[in-house]
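Here's upload14.cif, which has mmCIF, C-alpha atoms:
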```cif
data_work
#
loop_
_atom_site.label_atom_id
_atom_site.label_comp_id
_atom_site.auth_asym_id
_atom_site.auth_seq_id
_atom_site.Cartn_x
_atom_site.Cartn_y
_atom_site.Cartn_z
CA MET A 1 0.00 0.00 0.00
CA SER A 2 1.74 3.08 -1.32
CA LEU A 3 0.16 5.62 0.97
CA SER A 4 1.20 3.79 4.12
CA ASN A 5 4.76 3.91 2.84
CA VAL A 6 4.56 7.70 2.98
CA PHE A 7 4.30 7.36 6.76
CA SER A 8 7.45 5.30 7.05
CA ILE A 9 9.33 7.59 4.65
CA ALA A 10 8.28 10.77 6.46
CA GLY A 11 8.84 9.05 9.80
CA SER A 12 12.40 8.10 8.93
CA ALA A 13 13.09 11.65 7.76
CA MET A 14 11.62 13.08 10.96
CA ALA A 15 13.77 10.77 13.07
CA ALA A 16 16.87 11.78 11.10
CA GLN A 17 16.06 15.49 11.34
CA SER A 18 15.42 15.27 15.06
CA GLN A 19 18.77 13.57 15.53
CA ARG A 20 20.32 16.46 13.60
CA LEU A 21 18.49 18.87 15.91
CA ASN A 22 19.84 16.92 18.88
CA THR A 23 23.38 17.31 17.58
CA VAL A 24 22.87 21.03 17.11
CA ALA A 25 21.59 21.28 20.68
CA SER A 26 24.62 19.39 21.96
CA ASN A 27 26.98 21.61 19.96
CA LEU A 28 25.35 24.82 21.18
CA ALA A 29 25.22 23.63 24.77
CA ASN A 30 28.90 22.73 24.66
CA ALA A 31 30.08 25.79 22.75
CA ASP A 32 32.19 26.80 25.77
CA SER A 33 33.14 23.40 27.21
CA ALA A 34 36.92 23.74 27.38
CA THR A 35 37.31 20.19 28.64
CA SER A 36 35.43 16.89 28.48
CA SER A 37 35.65 13.33 29.78
CA THR A 38 38.59 12.72 27.41
CA GLY A 39 40.41 15.78 28.71
CA GLN A 40 40.16 17.41 25.28
CA PRO A 41 37.93 20.37 24.43
CA TYR A 42 34.54 19.47 22.94
CA ARG A 43 34.54 18.96 19.17
CA ALA A 44 31.52 20.02 17.10
CA LYS A 45 29.52 17.05 15.81
CA GLN A 46 27.62 16.73 12.57
CA VAL A 47 25.24 14.03 11.37
CA VAL A 48 25.62 12.45 7.92
CA PHE A 49 22.39 11.48 6.17
CA SER A 50 22.14 8.64 3.72
CA VAL A 51 19.40 7.05 1.66
CA ALA A 52 17.61 4.04 3.19
CA PRO A 53 15.84 2.18 0.35
CA LEU A 54 12.43 0.69 1.07
CA GLY A 55 12.17 -3.01 0.48
CA GLY A 56 9.52 -4.73 -1.60
CA SER A 57 6.94 -2.55 -3.29
CA GLY A 58 8.74 0.70 -2.64
CA SER A 59 10.37 0.98 -6.04
CA GLY A 60 11.82 4.39 -6.73
CA SER A 61 11.36 5.67 -3.22
CA ALA A 62 13.50 5.67 -0.14
CA GLY A 63 13.60 6.91 3.41
CA VAL A 64 16.46 8.57 5.26
CA LYS A 65 18.82 7.18 7.85
CA VAL A 66 21.66 8.71 9.80
CA ALA A 67 24.78 7.04 8.44
CA GLY A 68 26.92 8.36 11.27
CA VAL A 69 27.92 11.24 13.45
CA ILE A 70 31.23 12.82 12.51
CA GLU A 71 33.41 15.17 14.53
CA ASP A 72 34.40 18.46 13.00
CA PRO A 73 38.16 18.22 12.24
CA SER A 74 38.71 21.98 12.06
CA PRO A 75 41.21 23.49 14.56
CA MET A 76 40.12 24.54 18.03
CA ARG A 77 39.40 28.15 18.84
CA GLN A 78 42.38 29.64 20.72
CA VAL A 79 41.44 32.12 23.44
CA TYR A 80 44.02 34.18 25.34
CA ASP A 81 43.20 33.83 29.04
CA PRO A 82 46.27 33.30 31.29
CA LYS A 83 44.11 33.06 34.43
CA HIS A 84 42.31 29.97 33.06
CA PRO A 85 43.40 26.71 34.78
CA LEU A 86 43.70 25.01 31.36
CA ALA A 87 45.84 27.75 29.79
CA ASP A 88 49.08 26.60 28.14
CA ALA A 89 52.52 28.19 28.63
CA GLN A 90 51.66 31.08 26.29
CA GLY A 91 48.38 31.72 28.12
CA PHE A 92 46.12 30.30 25.41
CA VAL A 93 43.14 28.06 26.11
CA SER A 94 41.76 25.69 23.44
CA MET A 95 38.03 26.21 23.19
CA PRO A 96 35.56 24.08 21.21
CA ASN A 97 35.44 24.58 17.43
CA VAL A 98 31.68 25.14 17.51
CA ASN A 99 30.57 27.85 15.09
CA VAL A 100 27.45 29.26 16.73
CA VAL A 101 26.15 30.99 13.59
CA GLU A 102 26.52 27.80 11.57
CA GLU A 103 24.69 25.84 14.27
CA MET A 104 21.81 28.30 14.34
CA VAL A 105 21.43 28.01 10.57
CA ASN A 106 21.58 24.24 10.88
CA MET A 107 18.89 24.38 13.53
CA ILE A 108 16.52 26.42 11.37
CA SER A 109 17.11 24.13 8.41
CA ALA A 110 16.48 21.01 10.50
CA SER A 111 13.31 22.40 12.02
CA ARG A 112 11.96 23.45 8.60
CA SER A 113 12.68 20.00 7.17
CA TYR A 114 10.98 18.42 10.17
CA GLN A 115 7.91 20.60 9.63
CA ASN A 116 7.85 19.69 5.95
CA ASN A 117 7.80 16.01 6.79
CA ALA A 118 5.14 16.43 9.47
CA ASP A 119 3.03 18.28 6.91
CA MET A 120 3.56 15.49 4.41
CA MET A 121 2.38 12.94 6.95
CA ASN A 122 -0.74 15.02 7.56
CA THR A 123 -1.54 15.11 3.85
CA ALA A 124 -1.07 11.36 3.56
CA LYS A 125 -3.33 10.87 6.57
CA LEU A 126 -6.06 13.02 5.03
CA MET A 127 -5.79 11.09 1.79
CA LEU A 128 -6.08 7.77 3.60
CA MET A 129 -9.06 8.95 5.61
CA LYS A 130 -10.78 10.07 2.41
CA THR A 131 -10.07 6.67 0.89
CA LEU A 132 -11.55 4.93 3.90
CA THR A 133 -14.82 6.85 3.54
CA LEU A 134 -15.04 6.02 -0.16
CA GLY A 135 -18.50 5.16 -1.41
CA GLN A 136 -20.40 6.66 1.49
CA MET B 1 -23.21 -4.55 -18.57
CA ILE B 2 -21.28 -5.83 -15.60
CA SER B 3 -18.08 -5.89 -17.64
CA GLY B 4 -18.76 -2.26 -18.61
CA ILE B 5 -18.98 -1.28 -14.96
CA ASP B 6 -15.80 -3.18 -14.25
CA LYS B 7 -13.97 -1.40 -17.06
CA GLU B 8 -14.96 2.02 -15.81
CA PHE B 9 -13.95 1.25 -12.29
CA ARG B 10 -10.71 -0.35 -13.33
CA PHE B 11 -9.57 2.81 -15.04
CA LEU B 12 -10.25 4.84 -11.90
CA GLN B 13 -8.61 2.20 -9.75
CA ASP B 14 -5.48 2.32 -11.90
CA ALA B 15 -5.42 6.10 -11.72
CA LEU B 16 -5.85 6.00 -7.94
CA ASN B 17 -3.12 3.40 -7.49
CA LEU B 18 -0.75 5.37 -9.65
CA ARG B 19 -1.51 8.59 -7.77
CA ALA B 20 -0.81 6.85 -4.46
CA HIS B 21 2.43 5.46 -5.85
CA ARG B 22 3.49 8.88 -7.11
CA GLN B 23 2.69 10.36 -3.71
CA GLN B 24 5.12 7.88 -2.20
CA VAL B 25 7.87 8.77 -4.68
CA LEU B 26 7.38 12.49 -4.00
CA ALA B 27 7.38 11.82 -0.25
CA SER B 28 10.75 10.17 -0.57
CA ASN B 29 12.06 13.22 -2.46
CA ILE B 30 10.94 15.58 0.29
CA ALA B 31 12.27 13.26 2.98
CA ASN B 32 15.67 13.17 1.31
CA ALA B 33 15.94 16.92 0.77
CA ASP B 34 19.07 17.01 2.95
CA THR B 35 20.70 13.74 1.90
CA PRO B 36 23.95 14.18 -0.04
CA ASN B 37 23.97 12.68 -3.57
CA TYR B 38 20.25 11.91 -3.52
CA LYS B 39 18.67 12.37 -6.96
CA ALA B 40 15.03 13.46 -7.07
CA ARG B 41 12.73 11.04 -8.87
CA ASP B 42 9.25 11.15 -10.29
CA ILE B 43 6.98 9.06 -12.47
CA ASP B 44 5.40 10.13 -15.74
CA PHE B 45 1.78 9.77 -14.70
CA ALA B 46 0.19 10.00 -18.16
CA LYS B 47 2.61 7.52 -19.69
CA GLU B 48 2.33 5.03 -16.84
CA LEU B 49 -1.46 5.19 -16.86
CA GLN B 50 -1.50 4.53 -20.58
CA ARG B 51 0.89 1.64 -20.09
CA ALA B 52 -1.30 0.18 -17.34
CA GLN B 53 -4.34 0.45 -19.61
CA GLY B 54 -2.40 -1.16 -22.46
CA VAL B 55 -1.26 -4.04 -20.27
CA GLN B 56 -4.84 -4.72 -19.24
CA ALA B 57 -6.20 -4.53 -22.76
CA GLY B 58 -3.74 -7.25 -23.68
CA ASN B 59 -1.63 -5.25 -26.13
CA LEU B 60 1.72 -5.02 -24.45
CA ASN B 61 3.89 -2.25 -25.75
CA LEU B 62 7.08 -4.33 -25.95
CA ASN B 63 8.01 -5.66 -29.35
CA ALA B 64 9.33 -9.20 -29.16
CA THR B 65 11.50 -10.26 -32.07
CA SER B 66 12.34 -13.61 -30.54
CA SER B 67 10.27 -16.14 -28.69
CA ARG B 68 12.75 -15.94 -25.81
CA HIS B 69 12.19 -12.23 -25.18
CA MET B 70 10.48 -11.63 -21.88
CA GLN B 71 7.33 -9.57 -21.62
CA PRO B 72 6.81 -7.11 -18.77
CA SER B 73 4.83 -8.62 -15.95
CA GLY B 74 2.48 -5.64 -15.94
CA GLY B 75 0.82 -4.01 -12.99
CA LEU B 76 1.51 -0.64 -11.46
CA LEU B 77 4.08 -1.63 -8.91
CA ASN B 78 6.81 -1.54 -11.51
CA ALA B 79 5.92 1.96 -12.64
CA GLN B 80 9.16 3.40 -13.87
CA ALA B 81 10.60 6.10 -11.62
CA LEU B 82 12.64 8.54 -13.69
CA TYR B 83 15.18 11.06 -12.48
CA ARG B 84 14.05 14.65 -12.41
CA ALA B 85 16.02 17.17 -14.46
CA SER B 86 17.12 19.52 -11.71
CA VAL B 87 16.80 23.28 -11.89
CA GLN B 88 19.34 24.10 -9.20
CA PRO B 89 21.50 21.13 -8.22
CA SER B 90 23.40 21.68 -5.00
CA ILE B 91 27.10 21.14 -4.47
CA ASP B 92 26.59 17.96 -2.43
CA GLY B 93 25.00 16.23 -5.44
CA ASN B 94 21.43 16.54 -4.18
CA THR B 95 18.90 17.47 -6.86
CA VAL B 96 15.78 17.92 -4.70
CA ASP B 97 14.16 21.28 -5.36
CA MET B 98 11.81 21.82 -2.44
CA ASP B 99 9.50 24.26 -4.26
CA VAL B 100 8.95 21.84 -7.12
CA GLU B 101 8.48 18.87 -4.82
CA ARG B 102 6.01 20.59 -2.52
CA ALA B 103 4.02 21.88 -5.49
CA GLN B 104 3.91 18.45 -7.09
CA PHE B 105 3.01 16.85 -3.75
CA ALA B 106 0.04 19.18 -3.27
CA ASP B 107 -0.98 18.78 -6.92
CA ASN B 108 -0.87 15.01 -6.65
CA ALA B 109 -2.91 15.03 -3.43
CA ILE B 110 -5.61 17.12 -5.11
CA HIS B 111 -5.67 14.79 -8.10
CA TYR B 112 -5.95 11.83 -5.77
CA GLN B 113 -9.00 13.39 -4.14
CA PHE B 114 -10.40 14.14 -7.56
CA VAL B 115 -10.19 10.48 -8.54
CA LEU B 116 -11.82 9.53 -5.22
CA ASP B 117 -14.65 11.96 -5.96
CA ARG B 118 -15.08 10.46 -9.42
CA ILE B 119 -15.38 6.99 -7.90
CA SER B 120 -17.91 8.23 -5.35
CA SER B 121 -20.09 9.93 -7.92
CA LYS B 122 -19.89 6.93 -10.22
CA THR B 123 -21.06 4.70 -7.38
CA LYS B 124 -23.90 7.09 -6.63
CA THR B 125 -24.97 7.07 -10.28
CA LEU B 126 -24.98 3.29 -10.34
CA ILE B 127 -26.92 3.06 -7.10
CA SER B 128 -29.58 5.46 -8.36
CA ALA B 129 -29.80 3.46 -11.60
CA ILE B 130 -30.27 0.26 -9.60
CA ARG B 131 -32.95 1.81 -7.43
CA GLY B 132 -34.68 3.25 -10.46
CA GLU B 133 -35.76 6.38 -8.65
#
```
What's the structure tokens form of this structure?
Amino acid sequence: MSLSNVFSIAGSAMAAQSQRLNTVASNLANADSATSSTGQPYRAKQVVFSVAPLGGSGSGSAGVKVAGVIEDPSPMRQVYDPKHPLADAQGFVSMPNVNVVEEMVNMISASRSYQNNADMMNTAKLMLMKTLTLGQ
Amino acid sequence: MISGIDKEFRFLQDALNLRAHRQQVLASNIANADTPNYKARDIDFAKELQRAQGVQAGNLNLNATSSRHMQPSGGLLNAQALYRASVQPSIDGNTVDMDVERAQFADNAIHYQFVLDRISSKTKTLISAIRGE
């Protein structure tokens, strides 16, 4: 049944987008975490989406899955603060490489995509309900 | 007479099935709007509907020049999903254009409801003919 597949497709996309939103939240929350459980400053994380093909009757259509969460390899932000307990010999502290502006943009994009998929699910639901009342 | 009714309903049923299938393909485009290297797909509704009608009428549109050539198994589930020619492909290889997809999604939903309405009114006509009122 094609229309029920819309639910699983939109559902997979919503799950993926909410994981992206989770990552953004974690990045923003840790934008100033100079140290972590590994002793290193926090590194920004990004999710990587990939296509998850539907089996069986779902020819030509596919859902989304999160292929993995990668760590941003860009260099850490160096802040001059000699009073900081983690400052090196020159007085610099390595701060997380989280780009707050980038994260905010990412957040808006994720929330818009989520809304799109929720909307799509609603449309599919309306169509199914109409089909169920067919002939009345 | 009964076969006439069946024929009329079968056309609408094919159209409805194809619309539902297209809705699924468009849903997967919108879902994958942020997936790198995803290519947007769509089905040619008019062509697929004609093909479905042709398959049912018995005249398959594949020319067989040898007895060992296989004929398509028919049915709508193997409706061919083509790749959409993208207007603005992005640098990550994704060709989903959200405006186009949303417009097509809404358009397809309306058409689906239209086919449903056609079926409803056809049923009503038949019922009133049966009642003879």
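In this comparison, which uses only C-alpha atoms, the residue of B:Lys47, B:Arg41, B:His111, B:Lys122 approaching Ala27 (chain B) most closely is B:Arg41.
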Val96 (chain B) proximity check over B:Leu12, B:Ala31, B:Ala20, B:Ile5, using only C-alpha atoms: winner is B:Ala31
List every residue of chain B that has an atom at most 8 Å from any atom of chain A, giving for each one its closest atom pair and the distance in Å to one decimal, counting all atoms listed in the file, sorted by chain and then by ascending residue number, as CSV.
```
residue,atom,partner,partner_atom,distance
B:Asn17,CA,A:Ser2,CA,7.9
B:Ala20,CA,A:Ser2,CA,5.5
B:His21,CA,A:Ser2,CA,5.2
B:Gln23,CA,A:Leu3,CA,7.1
B:Gln24,CA,A:Val6,CA,5.2
B:Val25,CA,A:Ser61,CA,4.9
B:Leu26,CA,A:Ser61,CA,7.9
B:Ala27,CA,A:Val6,CA,5.9
B:Ser28,CA,A:Ser61,CA,5.3
B:Asn29,CA,A:Ser61,CA,7.6
B:Ile30,CA,A:Asn117,CA,7.2
B:Ala31,CA,A:Ala13,CA,5.1
B:Asn32,CA,A:Val64,CA,6.1
B:Ala33,CA,A:Ser113,CA,7.8
B:Asp34,CA,A:Phe49,CA,7.2
B:Thr35,CA,A:Phe49,CA,5.1
B:Pro36,CA,A:Ser50,CA,6.9
B:Tyr38,CA,A:Val51,CA,7.2
B:Arg41,CA,A:Gly60,CA,7.0
B:Leu77,CA,A:Ser57,CA,6.4
B:Asn78,CA,A:Ser59,CA,7.0
B:Gln80,CA,A:Gly60,CA,7.7
B:Ala81,CA,A:Gly60,CA,5.3
B:Ala109,CA,A:Met127,CA,7.1
B:Tyr112,CA,A:Met127,CA,7.6
B:Gln113,CA,A:Met127,CA,7.1
B:Leu116,CA,A:Leu134,CA,6.9
B:Ile119,CA,A:Gly135,CA,7.4
B:Ser120,CA,A:Gly135,CA,5.0
B:Thr123,CA,A:Gly135,CA,6.5
B:Lys124,CA,A:Gly135,CA,7.8
```
Could you please determine the separation between CA of Val100 (chain A) and CA of Thr23 (chain A) in Å, to one decimal place?
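Straight-line distance from CA of Val100 (chain A) to CA of Thr23 (chain A) works out to 12.7 Å.
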- Message: So the first atom is CA of Arg22 (chain B) and the second is CA of Phe9 (chain B); what is the distance between them in Å, to one decimal place?
- Response: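 Interatomic distance here is 19.7 Å.
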